[in-house]
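Participant: Structure incoming, see below.
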Amino acid sequence: MILAIDVGNTRIKAVVFEGDTILKSFIFEKERLQESVQKIIADFPLVATLVVSSVGEVEKQAFRKFENKLKVHFVSHEDVFPFVNNYGTPKTLGIDRMVLAAGATLLYPGQNRLVIDAGTCVTYDFVDEHNVYQGGAISPGLRLRYESMHHYTAKLPLLNLESPESYIGKSTASSMHSGVVNGLVYEIDGFIEEYKAVYPKIIIILTGGDADFLAKRLKNTIFANSNFLLESLNQTFQYTINND
Ligand SMILES: Nc1ncnc2c1ncn2[C@@H]1O[C@H](COP(=O)(O)OP(=O)(O)O)[C@@H](O)[C@H]1O
Ligand SMILES: CC(C)(COP(=O)(O)O)[C@@H](O)C(=O)NCCC(=O)O
Ligand SMILES: [K+]
């Protein structure tokens, strides 16, 4: 049994896997990392390995205490990945993006794939049918758009995510909801159309904390799976141990 842990910039997500099957999933705050992992391990004593993907300098220290009982694997740039990396600065490519690209490569063999992860930031990662990772895009996520407009202006309030009634905002709040939500929806649909014009049969996967909210608002029908990063982490780890 494997406990896969995704340390994002906002929250930590974790899933207990038995083979490819999800037994249980969890979301917790960074401050509660140790106690949350401790509790999961106590509830699932058959967990033998922790596989961690982190966007930052993961609190490796926080995992030290588990190392005498369990194997702890931190995914790193030095691992073996199932794609050829054609990013200009491969050492600065986010580990989360590498895991997403690896998952897409392994789960959809021989196809053009675009993974969109709507988390703190929205990331776009494209792996072509020859298993070459080509790059993508990074833009601010939904929450970040609301927070930065509030933070960098004198008058704009901090609002919680809400569905805009129309693309024409009639108040400060409805203008901001339209700008944030419709703006990101147009952005994602725009990117998808751009890719589809060149790769008509491309597989598109949408994941991250805002995936479900966004999926139903997109013009393009796409496959939304909020567990895609954790499923990819599980697949990538199996691939790493088999190809090391
Ligand atoms: N309880 C929550 N706390 C924070 N963000 C949330 C919550 N529920 C949904 N979200 C949404 O999830 C997004 C962050 O996604 P997430 O996948 O957690 O990010 P990351 O992987 O970067 O940590 C935010 O833009 C926000 O709109
Ligand atoms: C772009 C990111 C901040 C996304 O993080 P997330 O929104 O998933 O928390 C992360 O993948 C990152 O720090 N990347 C490094 C830069 C790059 O990928 O080129
Ligand atoms: K992301």
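Residues are referred to by chain and number: the chain letter is A, B, ... according to the order shown in the structure tokens, the number counts from 1 in that chain, and ligands are numbered separately from 1 in the order shown.
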List every residue of chain A that has an atom at most 9 Å from any atom of ligand 2, and for each one report the closest atom pair and its distance in Å to one decimal, counting only C-alpha atoms and all ligand atoms, with rows sorted by chain and then by increasing residue number, as CSV.
Facilitator:
residue,atom,partner,partner_atom_place_in_ligand_line,distance
A:Val7,CA,ligand 2,9 (O),7.7
A:Gly8,CA,ligand 2,9 (O),4.0
A:Asn9,CA,ligand 2,9 (O),3.8
A:Thr10,CA,ligand 2,9 (O),6.2
A:Arg11,CA,ligand 2,9 (O),8.1
A:Ser54,CA,ligand 2,9 (O),8.6
A:Val55,CA,ligand 2,13 (O),5.3
A:Gly56,CA,ligand 2,13 (O),6.9
A:Tyr87,CA,ligand 2,19 (O),8.5
A:Thr89,CA,ligand 2,19 (O),7.4
A:Pro90,CA,ligand 2,19 (O),7.9
A:Lys91,CA,ligand 2,19 (O),8.5
A:Thr92,CA,ligand 2,19 (O),5.3
A:Leu93,CA,ligand 2,18 (O),3.7
A:Gly94,CA,ligand 2,14 (N),3.5
A:Ile95,CA,ligand 2,11 (O),6.4
A:Asp96,CA,ligand 2,11 (O),5.5
A:Arg97,CA,ligand 2,11 (O),5.4
A:Met98,CA,ligand 2,18 (O),8.4
A:Asp117,CA,ligand 2,8 (O),6.8
A:Ala118,CA,ligand 2,7 (O),6.9
A:Gly119,CA,ligand 2,7 (O),4.4
A:Thr120,CA,ligand 2,7 (O),3.8
A:Cys121,CA,ligand 2,7 (O),3.6
A:Val122,CA,ligand 2,7 (O),5.9
A:Thr123,CA,ligand 2,1 (C),6.0
A:Gly135,CA,ligand 2,19 (O),8.5
A:Gly136,CA,ligand 2,19 (O),9.0
A:Ala137,CA,ligand 2,19 (O),8.4
A:Ile138,CA,ligand 2,1 (C),5.7
A:Ser139,CA,ligand 2,1 (C),7.9
A:Pro140,CA,ligand 2,7 (O),8.1
A:Gly141,CA,ligand 2,7 (O),7.1
A:Gly208,CA,ligand 2,8 (O),7.5
Participant: Tell me, as a ChimeraX atom specification, which residues lie within 7 Å of region 26-42 of chain A, counting only C-alpha atoms; anything in the same chain fewer than 2 positions away does not count.
Facilitator: /A:11-15,24,44-45,47,62
Participant: Using only C-alpha atoms, which residues sit within 6 Å of region 202-204 of chain A once same-chain residues fewer than 6 positions away are excluded, as a PyMOL selection string?
Facilitator: chain A and resi 112-115+222
Participant: I want to know what sits within 10 Å of Val72 (chain A), based on only C-alpha atoms, with residues of the same chain fewer than 5 positions away left out; could you give that as a ChimeraX atom specification?
Facilitator: /A:3,48-52,60,63-64,66-67
Participant: With a distance cut-off of 8 Å and only C-alpha atoms, select the neighbouring residues of region 18-22 of chain A, excluding the residue or stretch itself and same-chain residues fewer than 6 positions from it, and output the selection as a PyMOL selection string.
Facilitator: chain A and resi 1-2+231+234-235
Participant: Give me the residues within 8 Å of region 164-166 of chain A as a ChimeraX atom specification, counting only C-alpha atoms and dropping any in the same chain fewer than 3 places off.
Facilitator: /A:169,174,177-178,181-182
Participant: Please write the residues from the selection above to a file, keeping C-alpha atoms, as a compact mmCIF listing (two decimals), in the first residue's frame.
Facilitator:
# COMPACT_ATOMS: atom_id res chain seq x y z
CA GLY A 169 -20.79 43.02 -14.38
CA SER A 174 -20.22 41.19 -10.09
CA HIS A 177 -16.57 37.76 -10.39
CA SER A 178 -17.00 38.14 -14.14
CA VAL A 181 -14.25 33.46 -13.43
CA ASN A 182 -15.14 34.33 -17.03
Participant: Apply DSSP to the structure's backbone, then extract all residues of region 143-226 of chain A labelled alpha helix (DSSP H) and return them as number ranges by chain.
Facilitator: A: 143-151, 172-177, 183-198, 211-215
Participant: Between A:Asp212, A:Glu57, A:Asp6, A:Glu78, which residue has the minimum interatomic distance to ligand 3, considering only C-alpha atoms and all ligand atoms?
Facilitator: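 Checking each of A:Asp212, A:Glu57, A:Asp6, A:Glu78 against ligand 3, counting only C-alpha atoms and all ligand atoms, the winner is A:Asp6.
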Participant: Work out how far CA of Val127 (chain A) is from CA of Ala102 (chain A), in Å to one decimal.
Facilitator: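 Taking CA of Ala102 (chain A) and CA of Val127 (chain A), their separation equals 8.8 Å.
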Participant: Let me make sure I understand: among A:Val180, A:Leu218, A:Val185, A:Leu142, which one has the smallest atom-to-atom distance to ligand 1 if we use only C-alpha atoms and all ligand atoms?
Facilitator: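 Once distances to ligand 1 are computed over only C-alpha atoms and all ligand atoms, the minimum belongs to A:Leu142.
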Participant: Using only C-alpha atoms, which residues sit within 10 Å of Val99 (chain A) once same-chain residues fewer than 5 positions away are excluded, as an mmCIF file with C-alpha atoms, in the first residue's frame?
Facilitator:
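Wrote part.cif, looks like this:
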data_model
loop_
_atom_site.group_PDB
_atom_site.id
_atom_site.type_symbol
_atom_site.label_atom_id
_atom_site.label_comp_id
_atom_site.auth_asym_id
_atom_site.auth_seq_id
_atom_site.Cartn_x
_atom_site.Cartn_y
_atom_site.Cartn_z
ATOM 1 C CA ASP A 6 0.932 16.206 -3.052
ATOM 2 C CA SER A 53 5.610 15.457 -4.678
ATOM 3 C CA VAL A 75 10.070 12.791 -6.312
ATOM 4 C CA SER A 76 12.976 14.827 -7.691
ATOM 5 C CA PHE A 81 10.603 9.979 -16.032
ATOM 6 C CA PRO A 82 8.735 8.360 -18.953
ATOM 7 C CA GLY A 94 7.960 22.264 -11.098
ATOM 8 C CA ALA A 104 -0.447 11.740 -18.768
ATOM 9 C CA THR A 105 2.369 9.956 -20.625
ATOM 10 C CA PHE A 228 -5.097 13.218 -11.396
ATOM 11 C CA LEU A 229 -1.915 14.453 -9.721
ATOM 12 C CA LEU A 230 -2.116 11.792 -7.009
ATOM 13 C CA GLU A 231 -2.938 9.057 -9.525
ATOM 14 C CA SER A 232 0.018 10.253 -11.584
ATOM 15 C CA LEU A 233 2.232 10.192 -8.513
ATOM 16 C CA ASN A 234 1.305 6.562 -7.917
ATOM 17 C CA GLN A 235 1.969 5.670 -11.585
ATOM 18 C CA THR A 236 5.233 7.643 -11.683
ATOM 19 C CA PHE A 237 6.534 5.914 -8.576
#
Participant: Give me, as a PyMOL selection string, the residues of region 58-131 of chain A that a backbone DSSP run labels strand (DSSP E or B).
Facilitator: chain A and resi 71-74+84-85+113-118+121-127
Participant: I need the residue nearest ligand 3 from this list: A:Arg143, A:Lys196, A:Lys65, A:Arg217. Use only C-alpha atoms and all ligand atoms for the distance.
Facilitator: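 Nearest to ligand 3: A:Arg143.
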